[in-house]
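Here is protein-v4.txt, consisting of compact mmCIF, C-alpha atoms:
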```
# COMPACT_ATOMS: atom_id res chain seq x y z
CA MET Z 1 21.10 2.73 -21.88
CA PRO Z 2 21.01 5.25 -24.75
CA VAL Z 3 20.57 3.89 -28.25
CA PRO Z 4 23.54 4.55 -30.57
CA VAL Z 5 22.57 6.37 -33.76
CA LEU Z 6 24.86 5.89 -36.78
CA LYS Z 7 24.85 7.89 -39.97
CA GLN Z 8 25.22 6.13 -43.27
CA GLY Z 9 24.88 8.38 -46.29
CA GLY Z 10 21.61 10.27 -45.82
CA VAL Z 11 20.22 7.67 -43.47
CA LEU Z 12 20.28 7.55 -39.67
CA ILE Z 13 20.37 4.08 -38.19
CA ALA Z 14 19.25 3.60 -34.60
CA SER Z 15 20.50 0.22 -33.60
CA ILE Z 16 18.79 -0.91 -30.41
CA GLN Z 17 21.16 -3.23 -28.53
CA ALA Z 18 19.22 -4.30 -25.46
CA ALA Z 19 15.89 -3.99 -23.68
CA LEU Z 20 14.92 -0.35 -23.34
CA THR Z 21 13.19 1.49 -20.57
CA ASP Z 22 10.41 3.96 -21.40
CA ARG Z 23 12.87 6.78 -20.78
CA ASP Z 24 15.39 5.32 -23.27
CA LEU Z 25 12.66 5.17 -25.90
CA LEU Z 26 11.56 8.76 -25.35
CA GLN Z 27 15.20 9.84 -25.44
CA LEU Z 28 15.62 8.08 -28.78
CA GLU Z 29 12.55 9.87 -30.13
CA ALA Z 30 13.98 13.27 -29.17
CA ASP Z 31 17.47 12.34 -30.32
CA LEU Z 32 16.30 11.28 -33.79
CA ALA Z 33 14.11 14.36 -34.23
CA GLU Z 34 17.15 16.54 -33.58
CA LYS Z 35 19.62 14.48 -35.63
CA VAL Z 36 17.37 14.42 -38.72
CA GLY Z 37 17.92 18.18 -38.89
CA ARG Z 38 21.57 18.21 -37.88
CA PHE Z 39 22.58 15.58 -40.45
CA ARG Z 40 19.92 16.54 -43.02
CA ALA Z 41 18.86 12.89 -43.09
CA ARG Z 42 16.14 11.77 -45.49
CA GLY Z 43 15.70 8.37 -43.91
CA VAL Z 44 15.67 6.89 -40.43
CA ILE Z 45 15.94 3.21 -39.63
CA ILE Z 46 15.03 1.87 -36.20
CA ASP Z 47 16.43 -1.61 -35.81
CA VAL Z 48 14.49 -3.54 -33.15
CA THR Z 49 16.02 -6.95 -33.90
CA ALA Z 50 17.38 -7.19 -30.34
CA LEU Z 51 14.00 -6.56 -28.69
CA ASP Z 52 12.13 -9.61 -27.42
CA VAL Z 53 9.18 -7.54 -26.27
CA LEU Z 54 7.36 -4.62 -27.87
CA ASP Z 55 4.61 -3.58 -25.53
CA SER Z 56 1.98 -0.89 -26.01
CA PHE Z 57 4.28 1.89 -24.81
CA ALA Z 58 7.14 0.88 -27.10
CA THR Z 59 4.74 0.60 -30.02
CA ARG Z 60 3.27 4.01 -29.34
CA THR Z 61 6.76 5.50 -29.18
CA LEU Z 62 7.78 3.87 -32.47
CA ARG Z 63 4.71 5.45 -34.06
CA GLY Z 64 5.72 8.74 -32.52
CA ILE Z 65 9.26 8.42 -33.88
CA ALA Z 66 7.92 7.70 -37.37
CA ALA Z 67 5.49 10.62 -37.26
CA THR Z 68 8.14 12.99 -35.91
CA ALA Z 69 10.63 11.93 -38.58
CA ARG Z 70 8.02 12.49 -41.29
CA LEU Z 71 7.24 15.96 -39.98
CA ARG Z 72 10.98 16.66 -40.11
CA GLY Z 73 11.10 15.58 -43.76
CA ALA Z 74 12.49 12.08 -43.32
CA THR Z 75 11.04 8.64 -43.84
CA ALA Z 76 11.29 6.21 -40.94
CA VAL Z 77 11.41 2.45 -41.30
CA VAL Z 78 11.18 -0.01 -38.41
CA VAL Z 79 13.19 -3.13 -39.16
CA GLY Z 80 13.79 -6.45 -37.45
CA ILE Z 81 10.50 -7.09 -35.65
CA GLN Z 82 10.91 -10.70 -34.51
CA PRO Z 83 8.26 -13.24 -35.51
CA TYR Z 84 6.94 -13.85 -31.98
CA VAL Z 85 6.95 -10.13 -31.29
CA ALA Z 86 4.87 -9.56 -34.43
CA MET Z 87 2.38 -12.20 -33.29
CA ALA Z 88 2.12 -10.64 -29.83
CA LEU Z 89 1.55 -7.21 -31.35
CA VAL Z 90 -1.33 -8.52 -33.44
CA GLN Z 91 -2.90 -10.08 -30.34
CA LEU Z 92 -2.56 -6.75 -28.58
CA GLY Z 93 -4.32 -5.10 -31.49
CA LEU Z 94 -1.22 -3.06 -32.37
CA THR Z 95 -0.35 -3.22 -36.03
CA LEU Z 96 1.91 -0.16 -36.36
CA GLU Z 97 -0.33 1.11 -39.12
CA GLY Z 98 1.16 4.00 -41.03
CA VAL Z 99 4.71 3.01 -40.08
CA ALA Z 100 6.94 1.56 -42.79
CA THR Z 101 8.50 -1.76 -41.82
CA ALA Z 102 11.07 -4.06 -43.40
CA LEU Z 103 12.42 -7.48 -42.57
CA ASP Z 104 15.93 -6.38 -41.67
CA LEU Z 105 18.44 -3.55 -42.02
CA GLU Z 106 19.33 -4.46 -45.60
CA GLU Z 107 15.69 -4.47 -46.70
CA GLY Z 108 15.08 -1.23 -44.82
CA LEU Z 109 17.90 0.53 -46.64
CA GLU Z 110 16.58 -0.81 -49.93
CA LEU Z 111 13.10 0.48 -49.11
CA LEU Z 112 14.51 3.94 -48.39
CA ARG Z 113 16.56 3.87 -51.61
CA SER Z 114 13.54 2.97 -53.72
CA SER Z 115 11.31 5.57 -52.08
CA ALA Z 116 14.03 8.20 -52.58
CA ALA Z 117 14.29 7.15 -56.23
CA ALA Z 118 10.52 7.48 -56.62
CA ARG Z 119 10.71 10.97 -55.14
CA GLY Z 120 13.33 11.96 -57.69
CA PRO Z 121 16.64 13.75 -57.24
CA MET I 122 13.00 -21.40 -8.02
CA ASN I 123 9.22 -21.80 -7.96
CA GLY I 124 8.39 -18.17 -7.54
CA THR I 125 9.79 -14.72 -7.30
CA ARG I 126 8.79 -11.22 -6.34
CA VAL I 127 9.76 -8.06 -8.16
CA ALA I 128 9.29 -4.71 -6.45
CA VAL I 129 8.05 -2.20 -9.01
CA SER I 130 8.79 1.45 -8.38
CA ARG I 131 10.69 2.69 -11.40
CA GLU I 132 10.69 2.11 -15.14
CA ALA I 133 13.67 -0.25 -15.10
CA ASP I 134 11.65 -2.59 -12.87
CA ILE I 135 9.23 -3.15 -15.78
CA VAL I 136 12.10 -4.63 -17.78
CA THR I 137 13.30 -6.71 -14.80
CA ALA I 138 9.80 -8.08 -14.16
CA ARG I 139 9.25 -9.18 -17.73
CA GLN I 140 12.72 -10.73 -17.99
CA LEU I 141 12.28 -12.73 -14.78
CA GLY I 142 8.78 -13.70 -15.94
CA ARG I 143 10.16 -14.97 -19.20
CA GLU I 144 12.81 -17.01 -17.36
CA LEU I 145 10.29 -18.60 -15.03
CA ALA I 146 7.93 -19.28 -17.93
CA ALA I 147 10.75 -21.05 -19.77
CA LYS I 148 11.37 -23.15 -16.64
CA ALA I 149 7.67 -23.97 -16.55
CA GLY I 150 8.04 -25.37 -20.06
CA PHE I 151 6.71 -22.54 -22.19
CA VAL I 152 8.42 -22.05 -25.53
CA GLY I 153 8.35 -19.78 -28.55
CA SER I 154 5.55 -17.29 -28.93
CA ASP I 155 4.11 -18.03 -25.48
CA LEU I 156 7.27 -16.63 -23.86
CA THR I 157 6.84 -13.40 -25.77
CA LEU I 158 3.12 -13.19 -24.97
CA ILE I 159 3.80 -13.71 -21.25
CA ALA I 160 6.65 -11.18 -21.16
CA THR I 161 4.51 -8.62 -23.00
CA ALA I 162 1.57 -9.12 -20.62
CA ILE I 163 3.86 -8.65 -17.61
CA SER I 164 5.21 -5.48 -19.19
CA GLU I 165 1.69 -4.08 -19.53
CA VAL I 166 0.59 -4.77 -15.95
CA ALA I 167 3.93 -3.59 -14.52
CA ARG I 168 3.63 -0.34 -16.45
CA ASN I 169 0.13 0.13 -15.08
CA ILE I 170 1.59 0.01 -11.57
CA ILE I 171 4.13 2.73 -12.42
CA SER I 172 1.60 4.87 -14.27
CA TYR I 173 -1.23 4.77 -11.75
CA ALA I 174 0.04 3.56 -8.38
CA LYS I 175 3.73 4.58 -8.55
CA THR I 176 4.81 1.51 -6.57
CA GLY I 177 3.72 -2.07 -6.25
CA GLU I 178 4.94 -5.57 -6.89
CA ILE I 179 4.82 -8.39 -9.39
CA LEU I 180 4.64 -11.94 -8.04
CA LEU I 181 5.61 -14.71 -10.40
CA SER I 182 5.01 -18.37 -9.64
CA LEU I 183 4.31 -21.71 -11.20
CA ALA I 184 0.67 -22.72 -11.29
CA THR I 185 -1.09 -26.06 -11.47
CA LYS I 186 -4.76 -26.80 -12.02
CA ASP I 187 -6.46 -30.05 -13.01
CA GLY I 188 -3.07 -31.56 -13.78
CA ARG I 189 -2.12 -28.65 -16.00
CA GLN I 190 1.03 -26.62 -15.52
CA GLY I 191 1.31 -22.94 -16.08
CA LEU I 192 2.53 -19.57 -14.94
CA TRP I 193 0.80 -17.28 -12.50
CA VAL I 194 1.44 -13.55 -12.51
CA ILE I 195 0.06 -11.24 -9.86
CA ALA I 196 0.45 -7.48 -10.16
CA ARG I 197 -0.43 -5.78 -6.89
CA ASP I 198 -0.39 -2.19 -5.73
CA ASP I 199 -1.73 -0.01 -2.95
CA GLY I 200 -2.55 2.79 -5.35
CA PRO I 201 -5.73 4.80 -5.89
CA GLY I 202 -7.69 1.90 -7.36
CA ILE I 203 -9.69 1.90 -10.58
CA PRO I 204 -13.00 3.79 -10.41
CA ASP I 205 -14.57 2.05 -13.41
CA ILE I 206 -13.12 -1.38 -14.17
CA ASP I 207 -15.45 -1.96 -17.13
CA ALA I 208 -14.12 1.21 -18.75
CA ALA I 209 -10.51 0.30 -17.90
CA MET I 210 -11.00 -3.03 -19.65
CA ARG I 211 -12.10 -1.38 -22.90
CA ASP I 212 -9.54 -0.93 -25.65
CA GLY I 213 -8.41 2.63 -25.96
CA PHE I 214 -9.57 3.74 -22.52
CA SER I 215 -6.83 5.51 -20.61
CA THR I 216 -6.57 8.11 -17.93
CA GLY I 217 -2.79 8.06 -18.19
CA ARG I 218 -0.21 8.46 -20.91
CA SER I 219 -0.85 5.25 -22.76
CA LEU I 220 -2.77 3.69 -25.59
CA GLY I 221 -5.23 2.29 -23.10
CA LEU I 222 -4.30 -1.23 -24.10
CA GLY I 223 -2.61 -2.27 -20.87
CA LEU I 224 -5.33 -4.27 -19.12
CA PRO I 225 -7.35 -5.46 -22.12
CA GLY I 226 -4.09 -6.26 -23.87
CA ALA I 227 -2.81 -8.32 -20.95
CA ARG I 228 -6.13 -10.16 -20.87
CA ARG I 229 -5.84 -11.06 -24.54
CA LEU I 230 -2.28 -12.30 -24.17
CA MET I 231 -3.00 -14.65 -21.25
CA ASP I 232 -5.52 -17.45 -20.64
CA GLU I 233 -7.04 -16.24 -17.38
CA PHE I 234 -7.48 -12.73 -16.10
CA GLU I 235 -8.95 -11.45 -12.86
CA ILE I 236 -8.91 -7.97 -11.45
CA VAL I 237 -9.90 -6.70 -8.03
CA SER I 238 -9.72 -3.01 -7.34
CA GLU I 239 -10.88 -0.91 -4.45
CA LEU I 240 -10.82 2.88 -4.46
CA GLY I 241 -8.17 4.19 -2.14
CA LYS I 242 -6.93 0.69 -1.38
CA GLY I 243 -5.29 -0.57 -4.54
CA THR I 244 -5.54 -2.98 -7.41
CA THR I 245 -4.62 -6.62 -7.85
CA VAL I 246 -4.46 -8.19 -11.30
CA SER I 247 -4.07 -11.94 -11.58
CA LEU I 248 -2.99 -13.52 -14.87
CA ARG I 249 -2.48 -17.17 -15.70
CA LYS I 250 -1.27 -18.93 -18.76
CA TRP I 251 -1.42 -22.71 -19.19
CA LEU I 252 0.88 -24.99 -21.09
CA ARG I 253 -0.79 -26.34 -24.19
```

Show the structure stored in the file as structure tokens.
Amino acid sequence: MPVPVLKQGGVLIASIQAALTDRDLLQLEADLAEKVGRFRARGVIIDVTALDVLDSFATRTLRGIAATARLRGATAVVVGIQPYVAMALVQLGLTLEGVATALDLEEGLELLRSSAAARGP
Amino acid sequence: MNGTRVAVSREADIVTARQLGRELAAKAGFVGSDLTLIATAISEVARNIISYAKTGEILLSLATKDGRQGLWVIARDDGPGIPDIDAAMRDGFSTGRSLGLGLPGARRLMDEFEIVSELGKGTTVSLRKWLR
């Protein structure tokens, strides 16, 4: 099931609704890379609140999405990692280093606003 | 339901296996973070089947030992087998498109881990987690 991507101001919001296959994740990565250019987005939020599992493949793809967004001139923030999912990731040795995270969508938008403000107009 | 079998031959089966595993684990009495750890471990071993053997199966059942209750996960395939299990169990070792955390990750997430692999014959990974 493809992930819907919404545009809010200069921010793209990928709101994951249900468990994703590997193919869905790779599709999202490609989709966001293209949409950052098409919508001239400066920020990308990936909302994983609905995911009850983030395994090594999903984590690697999230890192890929963040790196791709950065290379396209946008900042990516992963929001909504559930507490048990965070604990499992730590046990797996996956800490999503180098990827910005925030508690939820609201905090993610705030993080993007403040980093945009720091960058200047 | 005391056990179930999930045929694994395409990516969507990874999701099915971990969802059924989570359901059975909940029936076994697991709660909270353990459900996530179990589902994540199943995801890793199911993906290994797809990545290296193409097809295989996940067997999920309730386990008991010394009066303890738990969940038993077996991931079995008739694939090429693992030439060097010690290497495959090291973090970051991968011959496929992964982080190389599948097997060592699954071991860390569960209480017991056994692997038997024979070249040309296949691989069987057995995982158990016990109720605390």

Please return, as a PyMOL selection string, all residues of chain Z lying within 12 Å of chain I when only C-alpha atoms are considered. chain Z and resi 1+18-25+51-61+63+82-94

Mind listing whatever residues come within 8 Å of the point (15.6, -9.1, -40.1)? Use only C-alpha atoms, file coordinates, and give them as an MDAnalysis selection string. chainID Z and resid 49 79:82 102:105

Listed atoms of stretch 67-70 of chain Z boxed axis-aligned with 8 Å per side, centre + edges as AutoDock Vina command-line options:
```
--center_x 8.1 --center_y 11.8 --center_z -38.6 --size_x 21.1 --size_y 18.4 --size_z 21.4
```

I:Gly243 surroundings by all atoms listed in the file, 12 Å radius, close-in-sequence under 4 positions cut, as a PyMOL selection string: chain I and resi 169-170+173-178+196-204+236-239

Closest of Z:Leu111, Z:Ile13, Z:Val5, Z:Leu96 to Z:Leu62 - atom-to-atom distances counting all atoms listed in the file: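 Under the stated criterion, the closest residue is Z:Leu96.
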
Write out as a list in words which residues come within 7 Å of stretch 26-42 of chain Z when counting all atoms listed in the file, dropping same-chain ones fewer than 2 positions away.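 Final neighbour list, sorted by chain and number: Val3, Gly10, Val11, Leu12, Asp22, Arg23, Asp24, Thr61, Ile65, Thr68, Ala69, Arg72, Gly73, Ala74 and Thr75 of chain Z.
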
Surrounding residues of I:Glu235 excluding itself and chain neighbours under 3 positions, 10 Å, all atoms listed in the file, as a PyMOL selection string: chain I and resi 195+228+245-249

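Atom to atom, atom CA of I:Ala167 and atom CA of I:Val127 stand 9.7 Å apart.
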
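Straight-line separation from atom CA of Z:Val99 to atom CA of Z:Ala76: 7.4 Å.
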
What lies within 9 Å of stretch 145-152 of chain I using all atoms listed in the file, ignoring chain neighbours under 3 positions off, as a list of chain:residue names? I:Met122, I:Asn123, I:Gly124, I:Thr125, I:Gln140, I:Leu141, I:Gly142, I:Asp155, I:Leu156, I:Thr157, I:Ile159, I:Ala160, I:Leu181, I:Ser182, I:Leu183, I:Ala184, I:Gln190, I:Gly191, I:Leu192, I:Trp251, I:Leu252, I:Arg253

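Distance annotation: of Z:Ala67, Z:Glu97, Z:Lys7, Z:Gly43, the residue with the minimal separation from Z:Ser114 is Z:Gly43; atom set is all atoms listed in the file.
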
Complete the atoms of stretch 180-192 of chain I to N, CA and C atoms and put them out as a PDB file, in the coordinates of the input.
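So the final result, stored in result-v1.pdb, reads:
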```
ATOM      1  N   LEU I 180       4.328 -10.616  -8.586  1.00  0.00           N
ATOM      2  CA  LEU I 180       4.640 -11.940  -8.040  1.00  0.00           C
ATOM      3  C   LEU I 180       4.520 -12.943  -9.172  1.00  0.00           C
ATOM      4  N   LEU I 181       5.567 -13.727  -9.313  1.00  0.00           N
ATOM      5  CA  LEU I 181       5.610 -14.710 -10.400  1.00  0.00           C
ATOM      6  C   LEU I 181       5.724 -16.094  -9.774  1.00  0.00           C
ATOM      7  N   SER I 182       4.870 -17.016 -10.189  1.00  0.00           N
ATOM      8  CA  SER I 182       5.010 -18.370  -9.640  1.00  0.00           C
ATOM      9  C   SER I 182       4.473 -19.389 -10.631  1.00  0.00           C
ATOM     10  N   LEU I 183       4.841 -20.624 -10.381  1.00  0.00           N
ATOM     11  CA  LEU I 183       4.310 -21.710 -11.200  1.00  0.00           C
ATOM     12  C   LEU I 183       2.906 -22.019 -10.718  1.00  0.00           C
ATOM     13  N   ALA I 184       2.057 -22.430 -11.634  1.00  0.00           N
ATOM     14  CA  ALA I 184       0.670 -22.720 -11.290  1.00  0.00           C
ATOM     15  C   ALA I 184       0.320 -24.130 -11.744  1.00  0.00           C
ATOM     16  N   THR I 185      -0.568 -24.767 -11.008  1.00  0.00           N
ATOM     17  CA  THR I 185      -1.090 -26.060 -11.470  1.00  0.00           C
ATOM     18  C   THR I 185      -2.595 -26.049 -11.251  1.00  0.00           C
ATOM     19  N   LYS I 186      -3.303 -26.668 -12.171  1.00  0.00           N
ATOM     20  CA  LYS I 186      -4.760 -26.800 -12.020  1.00  0.00           C
ATOM     21  C   LYS I 186      -5.212 -27.983 -12.874  1.00  0.00           C
ATOM     22  N   ASP I 187      -5.941 -28.882 -12.283  1.00  0.00           N
ATOM     23  CA  ASP I 187      -6.460 -30.050 -13.010  1.00  0.00           C
ATOM     24  C   ASP I 187      -5.337 -30.756 -13.779  1.00  0.00           C
ATOM     25  N   GLY I 188      -4.179 -30.870 -13.127  1.00  0.00           N
ATOM     26  CA  GLY I 188      -3.070 -31.560 -13.780  1.00  0.00           C
ATOM     27  C   GLY I 188      -2.342 -30.735 -14.819  1.00  0.00           C
ATOM     28  N   ARG I 189      -2.815 -29.496 -15.017  1.00  0.00           N
ATOM     29  CA  ARG I 189      -2.120 -28.650 -16.000  1.00  0.00           C
ATOM     30  C   ARG I 189      -1.096 -27.774 -15.307  1.00  0.00           C
ATOM     31  N   GLN I 190      -0.028 -27.488 -16.037  1.00  0.00           N
ATOM     32  CA  GLN I 190       1.030 -26.620 -15.520  1.00  0.00           C
ATOM     33  C   GLN I 190       0.931 -25.261 -16.201  1.00  0.00           C
ATOM     34  N   GLY I 191       1.331 -24.263 -15.464  1.00  0.00           N
ATOM     35  CA  GLY I 191       1.310 -22.940 -16.080  1.00  0.00           C
ATOM     36  C   GLY I 191       2.066 -21.921 -15.263  1.00  0.00           C
ATOM     37  N   LEU I 192       1.867 -20.681 -15.627  1.00  0.00           N
ATOM     38  CA  LEU I 192       2.530 -19.570 -14.940  1.00  0.00           C
ATOM     39  C   LEU I 192       1.467 -18.623 -14.395  1.00  0.00           C
TER      40      LEU I 192
END
```
